[in-house]
Amino acid sequence: MASAWPYVYSLPHLGNLIGAPLSADVYARFLRRKGEEVVFVSGSDEHGTPIEAEARRRGIRPRQLTDEMHRKISSLFEAFRISYDNYTRTESPVHVRFVQEFYSKVYENGHIFDEEIEQLYCENCGIFLPDRFVVGTCPYCGNPKAYGDQCEVCGRLLTPLDLIGPRCAFCGSTPVVKKTRHWFFDLPKFSDELRGYIERNENFPENARNMSLAMIREGLKPRSVTRDNEWGIPAPFPGAEGKTIYVWMEAVLGYVSAVKEWAERRGKPELFDEFWKDPHTRSVYFIGKDNIPFHTIIYPALLMASGQGYVLPYNVSSTEFLMYEGQKFSKSKGIGIWMDEALELLEADYWRYYLIATRPETKDSSFAWADFEAKINNELNDVLGNFVHRTLTFTASRFGGEVPALNPSDEEARSAISRAEDLAKRAEDSLWRFRMREALVRVMDIAREGNAFLNSRAPWADLKEGRVERAGSTISAALTLVKGLAHYLEPFLPDTSERLWEMLRLDGSPHETTWDSAFEPLPEGHRIGDPKPLFRKVKKEELIERLREIRAARAQPES
RNA sequence: AGCGGGGUGGGGCAGCCUGGUCAGCCCGCCGGGCUCAUAACCCGGAGGUCGGUGGUUCAAAUCCACCCCCCGCUACCA
């Protein structure tokens, strides 16, 4: 399993989080609970022009910059409980060596050719400028901030030489045209093989399949593999001294190298082949929709071209985009919430709940504070938190904290549990189909079921009238549902699951248990721990205000 | 411009591929119940004819055509 590698130029925001790492984490945890052998990898994508330029601007080495960013991002993923088996980086020596060997093979297999091209060069910065990093006035609409590849105002595609008054995006000086030689991956060669692969792969979501087939239909073009950057992995092709591998063409191979690194670190290098070359391995990738063509076309083509028998993606699960109050996340405009800020406002599970419940599975969705408040308060806190709390406190206060007996002929109690089992089954079906949002609703329905069950049975009324056994049977069943929730919530809300585990005084850990043992009842007489509320309500005004303060405090030392 | 996705009661979504048994779910709103629980929980109700027009069909949210609106992508940003 893999989630897209974040480019460590800036910290990921909540849209990035749900797009790849969090979605992948839910699935990875689910697979582990189902007893599958899972290796879940990702890492920091740290080479390339933007970082090289930023480091130059700050007067530090790129490695210094990415060391810091890698450390920050790693700890943020950890705090959000993203359960990577290996979160590494593209500067990892294993990765660097792997990429060079990989491209040497692709070259030997005859899928690389070189060609001289003309490109804009900034003499002040001393770098060739990717089209995106040339800015100027759009010749069509007069937008003074058009990019060298496209004008965002009128939407027209451009080349840097179309721009009026082209400037280097980093220093503003006028670039010159210069010749340079680059090495290209012969992508069109793989068109037929790719088409067959995509058509045969029934797991690809519709958007990924359609987009990819359309691109093949329109004709694939060779992709350049090299760049004139210093900050990157040296290209291993004869005559390519001084060139580095284009970040994208290199970072995707991290999916492979990260598993190699993981296997070597465990002292079992043979695990690498077991995972990557066994045709039964299912590799699953979680990405945002902007990354689809790379993962369904270029990346599989590279794997094919290496001739090493690496398994092709079993599925590429792509999400649409998360917006922020209806707008695009934008660092420069301060629109959105970033991972580090989120954690200062609330614990990870609040965010995990909301993000999974709002996951843009079939179309763009929007983070909205009003919606956030409603979901946290009414669903997470009231439906889930309260069901657990009322059940546990009732057990504690009326049964001395001991699990009462379930009456075997209590049909109502048994059918409540069996309805919950149905819900769990449906949650599982949704998860197998990568519908995490739907799955979470089904798990929450278990709590809803529990609440309805308690109300209809009114064990408090039974106790008043001396029907202790009936009340006990009700609570026993409710406790079984709570235990089920402790299991089923693990992929979604790992910390909450852990706390429930402790409150129920269960053995082991929710992170090692199995999905299918969820409803095995607690033994009669088992003592539970002290019930504590799982969640608290939030007020959006307060959160927004705190966010403002956090930003203000941060802006100070920076400037 | 091309390509892809989407337009379903006040908000957020599912259903559409495999036409009828689909108008469903969560939230909100209104009314009722309960009091174990963090004024939490439960039950019931009002509210949509499924972007528009035309077509296919005994029958369309579901298929076809055209149109309108929103979003994304267009591959040297990663």
# chains A, B, ... in the order shown; residues from 1 in each chain; ligands from 1
>>> select_by_dssp(residues="range 388-559 of chain A", states="helix (DSSP H, G or I)", output="ChimeraX atom specification")
/A:388-399,411-432,436-457,459-464,468-488,494-503,515-517,540-558
>>> interface_residues(of="chain B", to="chain A", cutoff="9 Å", atoms="only C-alpha atoms (C1' of nucleotides)", output="NGL selection string")
:B and (1 or 3-6 or 11-12 or 26-27 or 34-38 or 40-42 or 71-78)
>>> write_last_selection(atoms="C-alpha atoms (C1' of nucleotides)", output="mmCIF file, in the first residue's frame")
data_model
loop_
_atom_site.group_PDB
_atom_site.id
_atom_site.type_symbol
_atom_site.label_atom_id
_atom_site.label_comp_id
_atom_site.auth_asym_id
_atom_site.auth_seq_id
_atom_site.Cartn_x
_atom_site.Cartn_y
_atom_site.Cartn_z
ATOM 1 C "C1'" A B 1 -10.804 25.048 -26.674
ATOM 2 C "C1'" C B 3 -10.915 15.921 -22.071
ATOM 3 C "C1'" G B 4 -12.885 14.128 -17.300
ATOM 4 C "C1'" G B 5 -16.302 14.622 -13.109
ATOM 5 C "C1'" G B 6 -20.725 16.739 -11.113
ATOM 6 C "C1'" G B 11 -27.347 21.863 4.005
ATOM 7 C "C1'" G B 12 -24.278 17.379 2.945
ATOM 8 C "C1'" C B 26 -27.086 11.899 7.630
ATOM 9 C "C1'" C B 27 -27.872 16.906 9.433
ATOM 10 C "C1'" C B 34 -37.972 9.016 27.694
ATOM 11 C "C1'" U B 35 -34.753 10.451 31.874
ATOM 12 C "C1'" C B 36 -29.527 5.665 31.996
ATOM 13 C "C1'" A B 37 -26.360 9.393 29.555
ATOM 14 C "C1'" U B 38 -22.085 15.250 27.916
ATOM 15 C "C1'" A B 40 -27.496 13.798 25.361
ATOM 16 C "C1'" C B 41 -31.131 9.473 23.426
ATOM 17 C "C1'" C B 42 -35.693 7.416 20.870
ATOM 18 C "C1'" C B 71 -15.451 21.863 -10.586
ATOM 19 C "C1'" G B 72 -10.916 19.668 -12.161
ATOM 20 C "C1'" C B 73 -7.187 18.207 -15.709
ATOM 21 C "C1'" U B 74 -4.525 19.308 -20.285
ATOM 22 C "C1'" A B 75 1.100 15.741 -19.302
ATOM 23 C "C1'" C B 76 8.794 20.659 -18.016
ATOM 24 C "C1'" C B 77 4.431 22.442 -10.784
ATOM 25 C "C1'" A B 78 5.146 18.303 -8.186
#
>>> select_by_dssp(residues="range 251-418 of chain A", states="strand (DSSP E)", output="ChimeraX atom specification")
/A:283-288,313-319,322-324,365-367
>>> closest_residue(among="A:Pro313, A:Met69, A:Ser10, A:Glu115", to="Gly239 in chain A", atoms="only C-alpha atoms")
A:Glu115
>>> residues_around(residues="G52 in chain B", least_positions_apart="3", cutoff="12 Å", atoms="only C-alpha atoms (C1' of nucleotides)", output="PyMOL selection string")
chain B and resi 7+66-69
>>> residues_around(residues="A14 in chain B", least_positions_apart="2", cutoff="10 Å", atoms="only C-alpha atoms (C1' of nucleotides)", output="PyMOL selection string")
(chain A and resi 438) or (chain B and resi 8+24-25)
>>> residues_around(residues="C64 in chain B", least_positions_apart="4", cutoff="12 Å", atoms="only C-alpha atoms (C1' of nucleotides)", output="compact mmCIF listing (two decimals) with all heavy atoms, in the first residue's frame")
# COMPACT_ATOMS: atom_id res chain seq x y z
P G B 54 -40.36 19.73 -23.69
OP1 G B 54 -41.61 20.26 -24.26
OP2 G B 54 -40.37 19.07 -22.36
O5' G B 54 -39.69 18.74 -24.74
C5' G B 54 -39.75 19.03 -26.14
C4' G B 54 -38.83 18.11 -26.89
O4' G B 54 -37.52 18.13 -26.27
C3' G B 54 -39.17 16.63 -26.88
O3' G B 54 -40.20 16.29 -27.78
C2' G B 54 -37.84 16.03 -27.34
O2' G B 54 -37.66 16.19 -28.73
C1' G B 54 -36.85 16.91 -26.58
N9 G B 54 -36.45 16.24 -25.33
C8 G B 54 -36.87 16.52 -24.04
N7 G B 54 -36.35 15.70 -23.16
C5 G B 54 -35.55 14.84 -23.90
C6 G B 54 -34.75 13.75 -23.51
O6 G B 54 -34.57 13.30 -22.37
N1 G B 54 -34.11 13.15 -24.60
C2 G B 54 -34.24 13.57 -25.90
N2 G B 54 -33.55 12.87 -26.81
N3 G B 54 -34.98 14.58 -26.29
C4 G B 54 -35.61 15.17 -25.25
P G B 55 -41.03 14.92 -27.54
OP1 G B 55 -42.05 14.82 -28.61
OP2 G B 55 -41.43 14.88 -26.11
O5' G B 55 -39.94 13.77 -27.76
C5' G B 55 -39.47 13.48 -29.07
C4' G B 55 -38.39 12.43 -29.02
O4' G B 55 -37.40 12.80 -28.01
C3' G B 55 -38.80 11.03 -28.58
O3' G B 55 -39.40 10.32 -29.63
C2' G B 55 -37.43 10.44 -28.24
O2' G B 55 -36.70 10.06 -29.39
C1' G B 55 -36.74 11.63 -27.57
N9 G B 55 -36.80 11.54 -26.11
C8 G B 55 -37.54 12.31 -25.24
N7 G B 55 -37.38 11.98 -23.99
C5 G B 55 -36.48 10.91 -24.03
C6 G B 55 -35.92 10.12 -22.99
O6 G B 55 -36.11 10.22 -21.77
N1 G B 55 -35.06 9.15 -23.48
C2 G B 55 -34.77 8.96 -24.81
N2 G B 55 -33.92 7.97 -25.09
N3 G B 55 -35.27 9.69 -25.80
C4 G B 55 -36.12 10.64 -25.34
P U B 56 -40.35 9.06 -29.28
OP1 U B 56 -40.92 8.54 -30.55
OP2 U B 56 -41.23 9.44 -28.16
O5' U B 56 -39.31 7.97 -28.75
C5' U B 56 -38.40 7.35 -29.65
C4' U B 56 -37.64 6.26 -28.91
O4' U B 56 -36.83 6.86 -27.87
C3' U B 56 -38.52 5.27 -28.17
O3' U B 56 -39.01 4.26 -29.04
C2' U B 56 -37.55 4.72 -27.13
O2' U B 56 -36.68 3.76 -27.68
C1' U B 56 -36.76 5.98 -26.76
N1 U B 56 -37.34 6.67 -25.60
C2 U B 56 -37.00 6.19 -24.34
O2 U B 56 -36.27 5.23 -24.17
N3 U B 56 -37.56 6.87 -23.28
C4 U B 56 -38.41 7.95 -23.36
O4 U B 56 -38.83 8.46 -22.32
C5 U B 56 -38.71 8.39 -24.69
C6 U B 56 -38.18 7.75 -25.74
P U B 57 -40.55 3.87 -29.00
OP1 U B 57 -40.78 2.87 -30.07
OP2 U B 57 -41.35 5.11 -28.96
O5' U B 57 -40.69 3.16 -27.59
C5' U B 57 -39.94 1.99 -27.30
C4' U B 57 -40.09 1.64 -25.85
O4' U B 57 -39.44 2.66 -25.04
C3' U B 57 -41.52 1.63 -25.33
O3' U B 57 -42.18 0.42 -25.64
C2' U B 57 -41.28 1.78 -23.82
O2' U B 57 -40.90 0.57 -23.22
C1' U B 57 -40.12 2.77 -23.80
N1 U B 57 -40.57 4.17 -23.64
C2 U B 57 -40.63 4.66 -22.34
O2 U B 57 -40.32 4.00 -21.36
N3 U B 57 -41.09 5.95 -22.23
C4 U B 57 -41.47 6.78 -23.26
O4 U B 57 -41.86 7.91 -23.00
C5 U B 57 -41.37 6.20 -24.56
C6 U B 57 -40.94 4.94 -24.70
P A B 60 -41.70 7.13 -18.04
OP1 A B 60 -42.15 8.40 -17.41
OP2 A B 60 -41.47 7.06 -19.49
O5' A B 60 -40.39 6.60 -17.31
C5' A B 60 -40.26 6.61 -15.89
C4' A B 60 -38.87 7.10 -15.53
O4' A B 60 -37.94 6.26 -16.25
C3' A B 60 -38.65 8.53 -16.01
O3' A B 60 -38.92 9.48 -14.99
C2' A B 60 -37.19 8.52 -16.54
O2' A B 60 -36.27 9.01 -15.60
C1' A B 60 -36.91 7.06 -16.81
N9 A B 60 -36.75 6.67 -18.21
C8 A B 60 -37.42 7.10 -19.32
N7 A B 60 -37.03 6.51 -20.42
C5 A B 60 -36.03 5.62 -20.00
C6 A B 60 -35.22 4.70 -20.69
N6 A B 60 -35.28 4.47 -21.99
N1 A B 60 -34.33 3.98 -19.97
C2 A B 60 -34.27 4.20 -18.65
N3 A B 60 -34.99 5.04 -17.89
C4 A B 60 -35.85 5.72 -18.65
>>> residues_around(residues="Gly254 in chain A", least_positions_apart="3", cutoff="10 Å", atoms="only C-alpha atoms (C1' of nucleotides)", output="JSON list (two decimals) with C-alpha atoms, in the first residue's frame")
[["chain", "number", "residue", "atom", "x", "y", "z"],
["A", 2, "ALA", "CA", 1.19, 3.43, -0.78],
["A", 4, "ALA", "CA", 1.28, 9.76, -2.70],
["A", 5, "TRP", "CA", 4.54, 11.28, -1.60],
["A", 41, "VAL", "CA", 4.85, 3.13, 2.58],
["A", 42, "SER", "CA", 5.31, 6.72, 1.59],
["A", 43, "GLY", "CA", 7.94, 9.39, 1.99],
["A", 44, "SER", "CA", 9.02, 12.93, 1.43],
["A", 45, "ASP", "CA", 9.51, 13.99, -2.16],
["A", 88, "THR", "CA", 11.08, 7.54, 4.12],
["A", 89, "ARG", "CA", 12.45, 10.19, 1.77],
["A", 90, "THR", "CA", 13.89, 10.49, -1.69],
["A", 92, "SER", "CA", 17.42, 7.89, 1.30],
["A", 94, "VAL", "CA", 18.47, 3.03, -0.75],
["A", 95, "HIS", "CA", 16.21, 5.11, -2.95],
["A", 96, "VAL", "CA", 19.02, 6.91, -4.71],
["A", 98, "PHE", "CA", 17.51, 2.00, -6.57],
["A", 99, "VAL", "CA", 16.57, 4.81, -8.94],
["A", 249, "MET", "CA", 10.07, 10.25, -12.64],
["A", 250, "GLU", "CA", 12.19, 9.52, -9.61],
["A", 251, "ALA", "CA", 9.84, 10.02, -6.67],
["A", 257, "SER", "CA", 12.41, 1.50, -3.03],
["A", 258, "ALA", "CA", 10.62, 2.20, 0.25],
["A", 259, "VAL", "CA", 9.64, -1.44, 0.45],
["A", 260, "LYS", "CA", 13.22, -2.43, -0.32],
["A", 261, "GLU", "CA", 14.43, -0.20, 2.46]]
